[in-house]
$ cat coords24.txt   # compact mmCIF, C-alpha atoms and all ligand atoms
# COMPACT_ATOMS: atom_id res chain seq x y z
CA MET I 13 2.77 40.12 2.66
CA PHE I 14 5.03 41.40 5.44
CA LEU I 15 7.10 44.51 4.82
CA ARG I 16 10.36 42.51 4.97
CA GLY I 17 9.13 40.04 2.31
CA ALA I 18 7.77 42.77 0.05
CA LEU I 19 11.13 44.55 0.17
CA GLN I 20 13.06 41.39 -0.56
CA ALA I 21 10.85 40.51 -3.53
CA ALA I 22 11.25 44.06 -4.86
CA VAL I 23 15.05 43.95 -4.53
CA GLU I 24 15.07 40.66 -6.47
CA ARG I 25 12.87 42.05 -9.23
CA LEU I 26 14.94 45.20 -9.62
CA THR I 27 18.15 43.16 -9.61
CA GLU I 28 16.78 40.85 -12.33
CA ASN I 29 16.02 43.95 -14.40
CA ALA I 30 19.52 45.39 -13.89
CA VAL I 31 18.30 48.47 -12.03
CA GLY I 32 21.25 50.05 -10.19
CA SER I 33 21.17 50.28 -6.37
CA PRO I 34 18.19 47.88 -6.11
CA ARG I 35 17.88 47.99 -2.31
CA MET I 36 17.95 51.76 -2.17
CA ASN I 37 15.31 51.94 -4.92
CA ALA I 38 13.14 49.28 -3.25
CA GLU I 39 13.29 51.15 0.07
CA THR I 40 12.68 54.57 -1.47
CA LEU I 41 9.57 53.32 -3.25
CA LEU I 42 8.25 51.54 -0.18
CA MET I 43 8.74 54.70 1.91
CA PHE I 44 6.84 56.57 -0.80
CA VAL I 45 3.94 54.07 -0.80
CA LEU I 46 3.70 53.92 3.01
CA GLY I 47 4.45 57.62 3.56
CA CYS I 48 7.10 56.73 6.11
CA ASP I 49 10.84 57.19 6.66
CA ARG I 50 13.65 54.63 6.45
CA ALA I 51 13.75 54.17 10.24
CA TYR I 52 10.14 52.96 10.13
CA LEU I 53 11.02 50.34 7.51
CA TYR I 54 13.78 48.96 9.74
CA ALA I 55 11.67 49.14 12.91
CA HIS I 56 8.63 47.29 11.49
CA PRO I 57 9.76 44.36 9.30
CA GLU I 58 6.71 42.36 10.44
CA ARG I 59 4.19 45.04 9.49
CA GLU I 60 1.70 43.55 7.05
CA LEU I 61 0.98 45.56 3.88
CA THR I 62 -2.70 46.14 3.10
CA GLY I 63 -3.96 44.96 -0.30
CA ASN I 64 -3.97 48.53 -1.53
CA GLU I 65 -0.41 49.22 -0.32
CA GLN I 66 0.83 46.00 -1.89
CA ALA I 67 -0.84 46.84 -5.22
CA ARG I 68 0.62 50.36 -5.26
CA TYR I 69 4.06 49.04 -4.34
CA ASP I 70 3.91 46.36 -7.06
CA GLU I 71 2.99 49.03 -9.59
CA ALA I 72 5.81 51.34 -8.50
CA ILE I 73 8.34 48.49 -8.64
CA ALA I 74 7.11 47.42 -12.08
CA ARG I 75 7.58 50.95 -13.39
CA ARG I 76 11.04 51.25 -11.84
CA ALA I 77 11.96 47.80 -13.24
CA SER I 78 11.07 49.14 -16.71
CA GLY I 79 13.67 51.89 -16.22
CA TYR I 80 11.29 54.72 -15.28
CA PRO I 81 13.15 57.07 -12.89
CA ALA I 82 12.33 56.73 -9.18
CA GLN I 83 12.12 60.53 -8.94
CA TYR I 84 9.24 60.66 -11.44
CA ILE I 85 7.45 57.93 -9.46
CA THR I 86 7.85 59.64 -6.08
CA GLY I 87 7.63 63.14 -7.60
CA HIS I 88 10.60 64.39 -5.59
CA GLN I 89 14.32 65.09 -5.94
CA GLU I 90 16.65 66.78 -3.48
CA PHE I 91 18.83 69.60 -4.79
CA TRP I 92 20.95 71.96 -2.70
CA GLY I 93 19.37 70.47 0.42
CA LEU I 94 15.87 71.42 -0.78
CA ASP I 95 13.06 69.06 -1.68
CA PHE I 96 11.99 69.75 -5.30
CA LEU I 97 8.84 68.45 -6.96
CA VAL I 98 9.59 66.87 -10.32
CA ASN I 99 7.53 65.34 -13.10
CA PRO I 100 8.31 64.28 -16.68
CA ALA I 101 7.98 67.91 -17.84
CA VAL I 102 11.27 68.76 -16.11
CA LEU I 103 14.80 67.46 -16.02
CA ILE I 104 15.59 65.77 -12.72
CA PRO I 105 18.06 68.21 -11.08
CA ARG I 106 21.58 66.75 -10.97
CA PRO I 107 24.14 67.13 -8.18
CA GLU I 108 26.75 68.54 -10.59
CA THR I 109 24.50 71.55 -11.20
CA GLU I 110 25.21 72.57 -7.59
CA HIS I 111 28.56 73.85 -8.95
CA VAL I 112 26.63 76.63 -10.68
CA ILE I 113 25.23 77.73 -7.31
CA GLU I 114 28.64 77.48 -5.62
CA THR I 115 30.29 79.55 -8.35
CA VAL I 116 27.66 82.30 -8.16
CA LEU I 117 28.03 82.43 -4.37
CA GLU I 118 31.83 82.72 -4.68
CA LEU I 119 31.48 85.60 -7.13
CA VAL I 120 28.88 87.40 -5.00
CA GLY I 121 31.26 87.02 -2.03
CA GLU I 122 30.68 89.51 0.74
CA ARG I 123 28.70 91.87 -1.46
CA THR I 124 25.73 92.97 0.56
CA SER I 125 24.00 95.07 -2.09
CA LYS I 126 21.11 93.55 -3.99
CA VAL I 127 22.23 91.45 -6.96
CA LYS I 128 20.06 90.81 -10.03
CA ILE I 129 20.10 87.32 -11.46
CA VAL I 130 18.29 85.55 -14.29
CA ASP I 131 18.26 81.75 -14.69
CA VAL I 132 17.71 80.66 -18.29
CA GLY I 133 16.07 77.24 -18.80
CA THR I 134 14.98 76.96 -15.19
CA GLY I 135 13.16 73.59 -15.48
CA SER I 136 12.09 72.63 -11.96
CA GLY I 137 13.43 76.00 -10.77
CA ALA I 138 16.41 74.30 -9.11
CA ILE I 139 19.06 76.96 -9.75
CA ALA I 140 16.86 80.04 -9.28
CA ILE I 141 15.24 78.72 -6.10
CA ALA I 142 18.52 77.54 -4.54
CA LEU I 143 20.01 80.99 -5.22
CA ALA I 144 16.92 82.64 -3.72
CA LYS I 145 17.47 80.61 -0.57
CA GLU I 146 21.13 81.60 -0.31
CA LEU I 147 20.76 85.24 -1.34
CA PRO I 148 17.76 86.67 0.49
CA LEU I 149 18.32 90.18 -0.90
CA ALA I 150 18.79 89.13 -4.51
CA GLU I 151 16.27 89.96 -7.22
CA ILE I 152 15.84 86.70 -9.11
CA TYR I 153 14.15 85.93 -12.41
CA ALA I 154 13.84 82.62 -14.22
CA VAL I 155 12.70 81.74 -17.73
CA ASP I 156 11.91 78.59 -19.65
CA LEU I 157 10.39 77.85 -23.03
CA SER I 158 8.23 75.08 -21.54
CA ALA I 159 4.96 76.22 -19.93
CA GLU I 160 4.70 72.82 -18.19
CA ALA I 161 8.16 73.21 -16.67
CA LEU I 162 7.28 76.71 -15.45
CA GLU I 163 4.24 75.27 -13.65
CA VAL I 164 6.51 72.89 -11.75
CA ALA I 165 9.02 75.67 -10.99
CA ARG I 166 6.29 77.96 -9.65
CA ALA I 167 4.92 75.14 -7.48
CA ASN I 168 8.40 74.53 -6.08
CA ALA I 169 8.97 78.19 -5.30
CA ALA I 170 5.62 78.40 -3.51
CA ARG I 171 6.19 75.19 -1.54
CA LEU I 172 9.66 76.26 -0.48
CA GLU I 173 8.42 79.75 0.39
CA LEU I 174 10.84 81.29 -2.08
CA ASP I 175 8.20 82.67 -4.40
CA ARG I 176 9.87 86.04 -4.76
CA VAL I 177 11.54 84.36 -7.79
CA ARG I 178 9.74 85.75 -10.85
CA PHE I 179 9.09 83.23 -13.60
CA ALA I 180 8.30 83.91 -17.25
CA LYS I 181 8.04 82.04 -20.51
CA SER I 182 10.72 82.92 -23.02
CA ASP I 183 12.74 81.37 -25.81
CA VAL I 184 16.17 81.94 -24.23
CA LEU I 185 15.99 85.70 -23.48
CA ASP I 186 13.84 86.73 -26.48
CA ASP I 187 10.95 87.88 -24.29
CA PHE I 188 13.00 89.19 -21.39
CA PRO I 189 14.04 92.81 -20.88
CA ARG I 190 17.69 92.71 -21.94
CA ASP I 191 18.36 96.07 -20.34
CA GLY I 192 21.99 95.77 -19.28
CA SER I 193 21.14 95.86 -15.56
CA PHE I 194 21.83 92.26 -14.48
CA ASP I 195 24.75 91.07 -12.36
CA PHE I 196 24.38 87.41 -13.35
CA VAL I 197 22.95 85.36 -16.20
CA VAL I 198 23.11 81.68 -15.20
CA SER I 199 22.04 78.66 -17.17
CA ASN I 200 22.07 74.91 -17.29
CA PRO I 201 20.83 74.77 -20.86
CA PRO I 202 20.13 71.72 -22.98
CA TYR I 203 23.56 70.88 -24.38
CA VAL I 204 23.61 67.33 -25.72
CA ALA I 205 24.44 67.03 -29.43
CA LEU I 206 21.94 65.14 -31.57
CA ASN I 207 24.91 63.48 -33.21
CA GLU I 208 25.87 62.05 -29.79
CA GLU I 209 22.42 60.69 -28.95
CA ASP I 210 23.75 57.14 -28.97
CA LYS I 211 26.07 58.00 -26.03
CA VAL I 212 23.20 59.25 -23.84
CA GLN I 213 21.89 56.90 -21.14
CA ASP I 214 18.64 55.18 -22.14
CA VAL I 215 16.84 56.43 -19.06
CA VAL I 216 17.53 60.04 -20.05
CA LYS I 217 16.55 59.50 -23.69
CA LYS I 218 13.36 57.62 -22.88
CA PHE I 219 11.96 59.55 -19.96
CA GLU I 220 13.39 63.06 -19.58
CA PRO I 221 12.08 65.91 -21.78
CA ARG I 222 13.96 66.05 -25.09
CA MET I 223 13.95 69.82 -25.07
CA ALA I 224 15.75 69.78 -21.71
CA VAL I 225 18.51 67.56 -23.04
CA PHE I 226 19.18 68.07 -26.75
CA ALA I 227 20.18 71.29 -28.49
CA GLY I 228 20.73 70.73 -32.18
CA GLU I 229 23.30 68.82 -34.17
CA HIS I 230 26.27 69.93 -32.02
CA GLY I 231 24.51 70.67 -28.73
CA LEU I 232 25.21 74.37 -29.09
CA ASP I 233 21.92 75.79 -30.41
CA VAL I 234 20.72 77.28 -27.12
CA ILE I 235 24.19 78.38 -25.97
CA ARG I 236 24.85 80.18 -29.29
CA LYS I 237 21.71 82.21 -28.77
CA LEU I 238 22.28 82.71 -25.04
CA ILE I 239 25.74 84.30 -25.23
CA PRO I 240 24.87 87.46 -27.21
CA GLN I 241 21.54 87.85 -25.38
CA ALA I 242 23.31 87.51 -22.02
CA HIS I 243 25.73 90.24 -23.14
CA GLU I 244 22.79 92.60 -23.67
CA THR I 245 21.17 91.59 -20.37
CA LEU I 246 24.26 92.02 -18.17
CA ARG I 247 25.66 95.25 -16.79
CA GLU I 248 29.35 95.90 -17.48
CA GLY I 249 31.32 93.59 -15.19
CA GLY I 250 28.34 91.22 -14.88
CA TRP I 251 28.88 87.48 -15.03
CA LEU I 252 27.64 84.73 -17.34
CA LEU I 253 27.74 81.15 -16.02
CA ILE I 254 26.86 78.19 -18.23
CA GLU I 255 26.84 74.54 -17.25
CA ILE I 256 28.38 72.46 -20.03
CA GLY I 257 28.83 68.84 -21.06
CA TYR I 258 32.09 66.92 -20.69
CA SER I 259 33.55 67.75 -24.10
CA MET I 260 32.21 71.24 -24.70
CA ALA I 261 34.62 73.62 -22.96
CA GLU I 262 36.61 74.49 -26.08
CA ALA I 263 33.58 75.04 -28.30
CA VAL I 264 31.81 77.22 -25.71
CA CYS I 265 34.92 79.25 -24.86
CA GLY I 266 35.34 79.80 -28.61
CA LEU I 267 31.96 81.55 -28.64
CA LEU I 268 33.02 83.94 -25.88
CA THR I 269 35.48 86.14 -27.75
CA GLY I 270 35.39 89.66 -26.38
CA TRP I 271 34.41 88.54 -22.88
CA ASP I 272 36.75 88.92 -19.86
CA GLY I 273 37.78 86.63 -16.99
CA MET I 274 36.94 83.46 -18.82
CA ARG I 275 37.51 80.22 -16.91
CA VAL I 276 36.07 76.74 -16.68
CA ALA I 277 35.30 75.31 -13.24
CA PRO I 278 35.56 71.51 -12.96
CA ASP I 279 33.10 69.34 -11.05
CA LEU I 280 34.13 66.88 -8.32
CA ALA I 281 35.05 64.31 -10.97
CA GLY I 282 37.42 66.85 -12.56
CA ILE I 283 35.17 67.25 -15.62
CA PRO I 284 34.95 70.83 -17.00
CA ARG I 285 31.47 71.79 -15.83
CA VAL I 286 30.80 75.53 -15.54
CA VAL I 287 32.03 78.14 -18.00
CA VAL I 288 32.37 81.57 -16.40
CA ALA I 289 32.87 84.81 -18.33
CA ARG I 290 32.53 88.50 -17.51
CA LYS I 291 31.10 91.28 -19.64
CA PRO I 292 34.00 93.71 -20.10
CA GLN I 293 34.05 97.05 -18.30
CA LYS I 294 34.80 99.98 -20.58
C1 LIG C 1 19.10 70.91 -18.79
S1 LIG C 1 17.49 71.50 -18.38
C2 LIG C 1 17.92 72.40 -16.90
C3 LIG C 1 16.81 72.51 -15.90
C4 LIG C 1 17.24 73.14 -14.56
N1 LIG C 1 17.81 74.45 -14.75
C5 LIG C 1 18.25 72.25 -13.88
O1 LIG C 1 19.43 72.63 -13.83
O2 LIG C 1 17.86 71.19 -13.37
C6 LIG C 1 17.26 72.75 -19.60
C7 LIG C 1 15.97 73.55 -19.53
O3 LIG C 1 15.99 74.49 -20.61
C8 LIG C 1 14.70 74.59 -21.17
N2 LIG C 1 14.86 75.06 -22.56
C9 LIG C 1 15.15 74.34 -23.67
N3 LIG C 1 15.23 75.14 -24.73
C10 LIG C 1 14.97 76.40 -24.30
C11 LIG C 1 14.89 77.67 -24.93
N4 LIG C 1 15.11 77.80 -26.24
N5 LIG C 1 14.59 78.74 -24.18
C12 LIG C 1 14.37 78.62 -22.84
N6 LIG C 1 14.43 77.44 -22.18
C13 LIG C 1 14.72 76.35 -22.90
C14 LIG C 1 14.11 73.21 -21.04
O4 LIG C 1 12.70 73.26 -21.06
C15 LIG C 1 14.70 72.76 -19.69
O5 LIG C 1 13.81 73.07 -18.65
$ encode --input "coords24.txt" --output "structure tokens" --more "lines below"
Ligand SMILES: C[S@@+](CC[C@H](N)C(=O)[O-])C[C@H]1O[C@@H](n2cnc3c(N)ncnc32)[C@H](O)[C@@H]1O
Amino acid sequence: MFLRGALQAAVERLTENAVGSPRMNAETLLMFVLGCDRAYLYAHPERELTGNEQARYDEAIARRASGYPAQYITGHQEFWGLDFLVNPAVLIPRPETEHVIETVLELVGERTSKVKIVDVGTGSGAIAIALAKELPLAEIYAVDLSAEALEVARANAARLELDRVRFAKSDVLDDFPRDGSFDFVVSNPPYVALNEEDKVQDVVKKFEPRMAVFAGEHGLDVIRKLIPQAHETLREGGWLLIEIGYSMAEAVCGLLTGWDGMRVAPDLAGIPRVVVARKPQK
């Protein structure tokens, strides 16, 4: 089949299966199968697919039509302008998480001295690695409870030549030196409540790691543990930043009694997204 026909058939199949943005998905998967860019697709509509290419494309489209995320098929997702490897062991990094990076950068400001940062629940390494790119002098650590996720994060750091990020396995900060020397503890933890599972998109429930998404009955299990451990880890005046879900600001702020400078930064849709609090200075 010619490239143009293969694309058209794929768009129709994805449309029939109610996959959003069918053309974009069909093109992305064809670029992945052919190892080419979008310009090539437009420049060569009459290019004939080999039997092998057609079979691989059919398989990719069938998986996407079943709801499987395109990012897990291609193995890639862009975050903060960087190309991250992803697989089903890690959450696909979301654009709203870029607010965590922006908020850290605002707080670091013009400070030229070395800052110490730990990213809790690093997944693909998105936050830690993006911060390493922006803050070349920073000392950056990242932890996750999932050994499989840490493998992906380490591969990303190596590929992006930002492997000065130090990764370790830990349940929140249980196995991390909580020595009161850190300037930032940042986290996009799992925060979906089990009692709200029915409101979660099917694609997330079916294909993304449960431990990256759900955190107990009220979604607060990891955050409850993180807040006191972050307090021990931070120096006085150090900052804690936590990404939260759309209805969690009040509950999370309620857990931050005794902290200073508390605020909630909204995302572009105006949804409360990042809780910021500062360890008091005596
Ligand atoms: C929402 S994902 C965030 C991944 C990545 N930071 C991002 O923003 O794309 C949460 C991550 O926390 C990890 N996690 C879940 N429970 C944890 C725990 N108790 N201790 C450490 N990490 C945990 C999961 O494995 C997952 O990688």
$ residues_near_ligand --input "coords24.txt" --ligand "ligand LIG 1 (chain C)" --cutoff "7 Å" --atoms "all atoms listed in the file" --output "JSON, numbers by chain"
{"I": [102, 103, 104, 105, 106, 109, 132, 133, 134, 135, 136, 137, 138, 139, 155, 156, 157, 158, 161, 182, 183, 184, 199, 200, 201, 202, 223, 224, 225, 234]}
$ closest_atom_pairs --input "coords24.txt" --of "segment 201-237 of chain I" --to "segment 72-88 of chain I" --cutoff "10 Å" --atoms "all atoms listed in the file" --output "CSV"
residue,atom,partner,partner_atom,distance
I:Asp214,CA,I:Gly79,CA,8.4
I:Val215,CA,I:Gly79,CA,6.2
I:Val216,CA,I:Pro81,CA,8.9
I:Lys218,CA,I:Tyr80,CA,8.4
I:Phe219,CA,I:Tyr80,CA,6.8
I:Glu220,CA,I:Pro81,CA,9.0
$ atom_distance --input "coords24.txt" --atom1 "atom CA of Glu244 of chain I" --atom2 "atom CA of Leu162 of chain I"
23.7 Å
$ closest_residue --input "coords24.txt" --among "I:Arg59, I:Phe196, I:Leu143, I:Ile129" --to "Phe91 of chain I" --atoms "all atoms listed in the file"
I:Leu143
$ atom_distance --input "coords24.txt" --atom1 "atom CA of Ile254 of chain I" --atom2 "atom CA of Ile141 of chain I"
16.8 Å
$ residues_around --input "coords24.txt" --residues "segment 226-229 of chain I" --least-positions-apart "5" --cutoff "6 Å" --atoms "only C-alpha atoms" --output "list in words"
Pro202, Tyr203, Val204, Ala205, Leu206 and Asn207 of chain I
$ closest_residue --input "coords24.txt" --among "I:Met43, I:Met13, I:Val98, I:Ile113" --to "Gly63 of chain I" --atoms "only C-alpha atoms"
I:Met13
$ residues_around --input "coords24.txt" --residues "Leu174 of chain I" --least-positions-apart "2" --cutoff "7 Å" --atoms "all atoms listed in the file" --output "PyMOL selection string"
chain I and resi 141+144-145+169-170+172+176-177
$ closest_residue --input "coords24.txt" --among "I:Glu71, I:Leu46, I:Cys265, I:Pro100" --to "Lys217 of chain I" --atoms "only C-alpha atoms"
I:Pro100
$ closest_residue --input "coords24.txt" --among "I:Ala263, I:Leu252, I:Leu147, I:Ile239" --to "Glu122 of chain I" --atoms "only C-alpha atoms"
I:Leu147
$ atom_distance --input "coords24.txt" --atom1 "atom CA of Pro240 of chain I" --atom2 "atom CA of Lys294 of chain I"
17.3 Å
$ residues_around --input "coords24.txt" --residues "Arg247 of chain I" --least-positions-apart "3" --cutoff "10 Å" --atoms "only C-alpha atoms" --output "PyMOL selection string"
chain I and resi 128+190-196+242-244+250-251+290-293
$ axis_aligned_box --input "coords24.txt" --around "segment 232-244 of chain I" --padding-each-side "5 Å" --output "JSON"
{"center_x": 23.2, "center_y": 83.5, "center_z": -26.2, "size_x": 15.0, "size_y": 28.2, "size_z": 18.4}
$ closest_residue --input "coords24.txt" --among "I:Asp233, I:Lys211, I:Asn37, I:Val120" --to "Arg25 of chain I" --atoms "only C-alpha atoms"
I:Asn37
$ residues_around --input "coords24.txt" --residues "Leu149 of chain I" --least-positions-apart "5" --cutoff "9 Å" --atoms "only C-alpha atoms" --output "short mmCIF file (atom, residue, chain, number, x, y, z; two decimals) with C-alpha atoms, in the coordinates of the input"
data_model
loop_
_atom_site.label_atom_id
_atom_site.label_comp_id
_atom_site.auth_asym_id
_atom_site.auth_seq_id
_atom_site.Cartn_x
_atom_site.Cartn_y
_atom_site.Cartn_z
CA THR I 124 25.73 92.97 0.56
CA SER I 125 24.00 95.07 -2.09
CA LYS I 126 21.11 93.55 -3.99
CA VAL I 127 22.23 91.45 -6.96
CA ALA I 144 16.92 82.64 -3.72
#
$ residues_around --input "coords24.txt" --residues "segment 15-21 of chain I" --least-positions-apart "6" --cutoff "9 Å" --atoms "all atoms listed in the file" --output "list in words"
Arg35, Ala38, Glu39, Leu42, Leu53, Tyr54, His56, Pro57, Glu58, Arg59, Glu60, Leu61, Gln66, Tyr69 and Asp70 of chain I
